[in-house]
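Asks: What follows is a structure written as structure tokens; I'll ask about it next.
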Amino acid sequence: MIIYLLCFILFLVGLYGVISKRNLIKIIISIAIMEYSINLFFILIGYVEGGTAPIITKGFENAKFVDPLPQAMILTSIVIGLATTALLLAVAIRIYQKYGTFDINKIKDLKG
Amino acid sequence: MELYLIIILILMILGSIYSLNASDLLSAVISYGIVGFGLVIAFLLLQAPDLAIVQVVIEVVTLVIMIAAIKNTQSKIPKMEFKPKIAIYYAITLMVALIFVLIFDRVTGCLSQFGADTMRMAQPYIDGAADTKSANLVTGVVLDFRAYDTLGEATVLFTAVIGVLTILRIKGKKDK
Amino acid sequence: MKGMTFIVKKITQIICPIIFMFGLYIIVHGHLSPGGGFAGGVIMAGAFILQILANGKILPKLRKEEEGLEFMESAAILGFLILAGLGLLISGGVVFFANFLDKGELGKLISGGFIPIENIVIGAEVCAAIATIFIAMVVYKDEEKK
């Protein structure tokens with residue numbers, strides 16, 4: 001159980017960053033950290049004590065395997081994570097070019 | 001095994017906290033790499049080699065893209081001018097975190113112990129290798145049982161790429 | 001972005017085909033060993049990124065490459081959809097992603113019906129997507145509004 005708890009604390013660190021940091025790049029980093037902790041939590045749920053990787057090789061046809069379903073879901077999720085991070089970074093780049101800063105408070109003052 | 005995982009997770013938490021408090025954007029990005037590469041080792045320990053391969057390459061590409069984004073920007077972060085009352089600030093943060101942790105503990109109480117046998121849902125997918133004839137069970141799940149999910153994933157990836165191009169390309173393609 | 005020195009360019013020239021072949025290997029053996037379309041596609045995109053980092057920003061060439069990659073990505077998604085539709089047709093309108101090819105024997109290179117073909121399509125899609133993102137970051141970052 002302590003391992004689930006540590007995983008959740010990693011998520012909370014990301015949440016803290018999203019709420020309290022004012023630099024756009026740091027907010028993006030915190031979002032990515034939250035995403036990683038969710039990925040890790042899925043794999044932790046799928047783990048079985050003494051299981052091997054879910055690949056059938058000769059001589060191990062009836063071995064005990066870990067759960068392949070969470071691994072399959074997270075496999076797609078990791079690649080999507082890179083694409084969404086790149087999308088957020090593109091927005092951040094454009095904002096920097098327009099206002100000359102990554103600080104969201106200053107951007108709020110400069111607007112309007 | 002569980003001890004190694006706990007050590008790596010603590011390292012990841014420390015790395016993420018340092019990354020959020022760094023005074024320089026470049027060091028923030030690089031210490032964010034600790035979290036990703038720690039995740040690779042955790043995947044290897046948890047018997048997920050597919051994910052480890054993908055994660056290690058994705059992490060490198062993410063770092064390269066982030067550094068390309070913050071290159072040539074003024075990367076020093078000025079100190080906060082607004083100083084909150086420190087004690088109250090930390091007390092509120094800790095209290096909210098504690099409430100979240102308690103809720104999480106209640107919610108995950110219904111899950112079985114870490115590493116216990118949770119194979120009721122997994123058994124059809126593992127036996128399914130006889131149907132799909134794919135020795136790698138993860139590939140069998142991704143591309144046969146749940147190929148519809150993969151189609152959705154491909155669509156999301158396409159949408160994200162189109163979004164990046166739309167935001168970054170101001171001029172648009174000129175008609176010749 | 002300027003290119004690197006002569007040594008780096010030469011080493012890149014030698015190493016890039018090897019990385020590319022490794023990505024292809026991982027994609028083709030995706031149903032036998034760890035890996036598959038996602039991992040192999042990202043590795044192939046890594047070969048592209050190495051080329052760009054070493055050789056610097058040659059704008060006209062990169063723009064042309066980006067158009068080709070966009071075409072490749074769209075074609076890959078279309079191919080995936082066509083595979084799904086073929087399964088629907090051949091199975092008689094019952095299953096969307098029906099595995100209609102001969103399954104073969106477990107553990108052989110040619111086995112698993114159309115799983116290897118799907119792997120190749122997904123690999124092309126992921127490779128094109130990530131390379132496009134990187135090229136867009138490099139090419140269009142400094143473009144200013146007129």
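Identifiers in this document derive from the order of the structure tokens: chains are assigned A, B, ..., residues are numbered from 1 separately in each chain, and ligands are numbered from 1 in order of occurrence.
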Could you list, as a short mmCIF file (atom, residue, chain, number, x, y, z; two decimals) with N, CA and C atoms, in the first residue's frame, the residues of chain A having an atom within 8 Å of chain C when counting only C-alpha atoms?

Replies:
```
data_model
loop_
_atom_site.label_atom_id
_atom_site.label_comp_id
_atom_site.auth_asym_id
_atom_site.auth_seq_id
_atom_site.Cartn_x
_atom_site.Cartn_y
_atom_site.Cartn_z
N ILE A 55 5.32 -12.11 -22.48
CA ILE A 55 5.78 -12.52 -23.81
C ILE A 55 5.99 -14.03 -23.77
N THR A 57 7.59 -17.31 -24.73
CA THR A 57 8.77 -17.86 -25.39
C THR A 57 8.76 -19.36 -25.20
N LEU A 75 0.72 2.04 -23.07
CA LEU A 75 1.59 2.14 -24.25
C LEU A 75 1.11 3.25 -25.18
N THR A 76 -0.20 3.31 -25.41
CA THR A 76 -0.71 4.39 -26.26
C THR A 76 -0.66 5.72 -25.52
N VAL A 79 2.71 7.82 -25.74
CA VAL A 79 2.98 8.54 -26.98
C VAL A 79 2.09 9.77 -27.09
N ALA A 83 2.81 14.13 -27.48
CA ALA A 83 2.16 15.03 -28.43
C ALA A 83 1.47 16.18 -27.72
N ALA A 86 3.99 18.63 -26.47
CA ALA A 86 4.49 19.47 -27.55
C ALA A 86 3.47 20.55 -27.91
N ALA A 90 4.10 24.54 -27.78
CA ALA A 90 3.89 25.43 -28.92
C ALA A 90 3.13 26.67 -28.49
N ILE A 93 5.51 28.89 -26.61
CA ILE A 93 6.45 29.61 -27.49
C ILE A 93 5.79 30.83 -28.08
#
```

Asks: Mind dumping a table of every chain A residue within 6 Å of chain B, with the nearest atom pair and its distance in Å to one decimal, using only C-alpha atoms, sorted by chain and rising number, as CSV?

Replies:
```
residue,atom,partner,partner_atom,distance
A:Leu10,CA,B:Ile13,CA,5.6
A:Tyr47,CA,B:Gly115,CA,5.4
A:Val48,CA,B:Gly115,CA,4.3
A:Glu49,CA,B:Gly115,CA,4.5
A:Ala53,CA,B:Gln47,CA,4.7
A:Pro54,CA,B:Leu137,CA,5.6
A:Ile55,CA,B:Asn136,CA,4.5
A:Ile56,CA,B:Ala135,CA,5.0
A:Asp67,CA,B:Ala122,CA,5.6
A:Pro68,CA,B:Val138,CA,5.4
A:Ala72,CA,B:Val138,CA,5.4
A:Leu75,CA,B:Leu51,CA,6.0
A:Ile80,CA,B:Leu157,CA,6.0
A:Ala83,CA,B:Ala160,CA,5.8
A:Leu87,CA,B:Val164,CA,5.2
```

Asks: Which residue, B:Val56, B:Leu26, B:Leu94, B:Ile103, has the smallest gap to chain C when you use only C-alpha atoms?

Replies: B:Val56

Asks: Output as a PyMOL selection string all residues of chain A that backbone DSSP marks as helix (DSSP H, G or I).

Replies: chain A and resi 2-20+24-46+68-99+104-110

Asks: Measuring atom to atom with only C-alpha atoms, identify which of C:Ile43, C:Val95, C:Leu89, C:Leu50 is nearest to chain B.

Replies: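 Closest to chain B of all the choices is C:Ile43.
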
Asks: For chain C, which of B:Arg106, B:Phe37, B:Asp127, B:Val60 is the closest residue, counting only C-alpha atoms?

Replies: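 Closest candidate: B:Val60.
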
Asks: Which residues come within 12 Å of Ile107 (chain A), counting only C-alpha atoms, excluding same-chain residues fewer than 4 positions away, as a list of chain:residue names?

Replies: A:Arg22, A:Asn23, A:Leu24, A:Ala92, A:Ile95, A:Tyr96, A:Gln97, A:Lys98, A:Tyr99, A:Gly100, A:Thr101, A:Phe102, A:Asp103, A:Lys111, A:Gly112

Asks: Would you save the residues of that selection, restricted to N, CA and C atoms, as a CSV table (one decimal), in the first residue's frame?

Replies:
```csv
chain,number,residue,atom,x,y,z
A,22,ARG,N,4.1,30.1,-11.3
A,22,ARG,CA,3.6,31.1,-12.2
A,22,ARG,C,4.4,31.1,-13.6
A,23,ASN,N,5.4,30.2,-13.7
A,23,ASN,CA,6.1,30.1,-14.9
A,23,ASN,C,5.4,29.1,-15.9
A,24,LEU,N,5.2,29.5,-17.1
A,24,LEU,CA,4.5,28.5,-18.0
A,24,LEU,C,5.2,27.2,-18.2
A,92,ALA,N,3.1,27.9,-25.5
A,92,ALA,CA,4.0,28.7,-24.7
A,92,ALA,C,5.0,29.5,-25.5
A,95,ILE,N,3.3,32.5,-26.9
A,95,ILE,CA,3.0,33.5,-25.9
A,95,ILE,C,4.3,34.3,-25.6
A,96,TYR,N,5.4,33.5,-25.5
A,96,TYR,CA,6.7,34.2,-25.3
A,96,TYR,C,7.0,35.2,-26.4
A,97,GLN,N,6.7,34.8,-27.6
A,97,GLN,CA,7.0,35.8,-28.7
A,97,GLN,C,6.2,37.0,-28.6
A,98,LYS,N,5.0,36.9,-28.2
A,98,LYS,CA,4.1,38.0,-28.1
A,98,LYS,C,4.4,38.9,-27.0
A,99,TYR,N,4.6,38.4,-25.8
A,99,TYR,CA,4.7,39.2,-24.6
A,99,TYR,C,6.1,39.3,-24.0
A,100,GLY,N,7.0,38.4,-24.5
A,100,GLY,CA,8.4,38.4,-24.0
A,100,GLY,C,8.6,37.9,-22.6
A,101,THR,N,7.7,37.1,-22.1
A,101,THR,CA,7.9,36.6,-20.8
A,101,THR,C,7.1,35.3,-20.6
A,102,PHE,N,7.5,34.4,-19.7
A,102,PHE,CA,6.8,33.2,-19.4
A,102,PHE,C,5.9,33.4,-18.2
A,103,ASP,N,6.0,34.5,-17.5
A,103,ASP,CA,5.3,34.7,-16.2
A,103,ASP,C,3.8,35.0,-16.4
A,111,LYS,N,-2.0,42.4,-20.8
A,111,LYS,CA,-3.1,42.2,-21.7
A,111,LYS,C,-4.0,43.4,-21.5
A,112,GLY,N,-4.6,43.8,-22.6
A,112,GLY,CA,-5.7,44.7,-22.4
A,112,GLY,C,-5.9,46.1,-22.2
```

Asks: With only C-alpha atoms as the atoms that count, which of C:Phe71, C:Cys127, C:Gly79, C:Gly36 lies nearest to chain B?

Replies: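 Among the listed residues, C:Gly36 lies closest to chain B.
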
Asks: Counting only C-alpha atoms, which residue out of C:Gly93, C:Gly35, C:Pro116, C:Gly40 sits closest to chain B?

Replies: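 Closest residue, counting only C-alpha atoms: C:Gly35.
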
Asks: Mind checking DSSP for chain B and telling me the strand (DSSP E or B) residues as a PyMOL selection string?

Replies: chain B and resi 24+76+115+136

Asks: Give me the residues near Gly37 (chain C) as a PyMOL selection string, where near means some atom within 6 Å (using only C-alpha atoms) and where sequence neighbours in that chain fewer than 2 positions away do not count.

Replies: chain C and resi 27+39-41+119+122-123

Asks: Find the residues around Ile15 (chain C) up to 12 Å (only C-alpha atoms counted), leave out those fewer than 6 positions away in its own chain, and share them as JSON, numbers by chain.

Replies: {"C": [8, 9, 21, 22, 46, 47, 48, 50, 51, 54]}

Asks: Hey, which of A:Leu15, A:Ile29, A:Met1, A:Ile38 ends up closest to Ile78 (chain A)? Count only C-alpha atoms.

Replies: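 Result for the nearest residue to Ile78 (chain A): A:Ile38.
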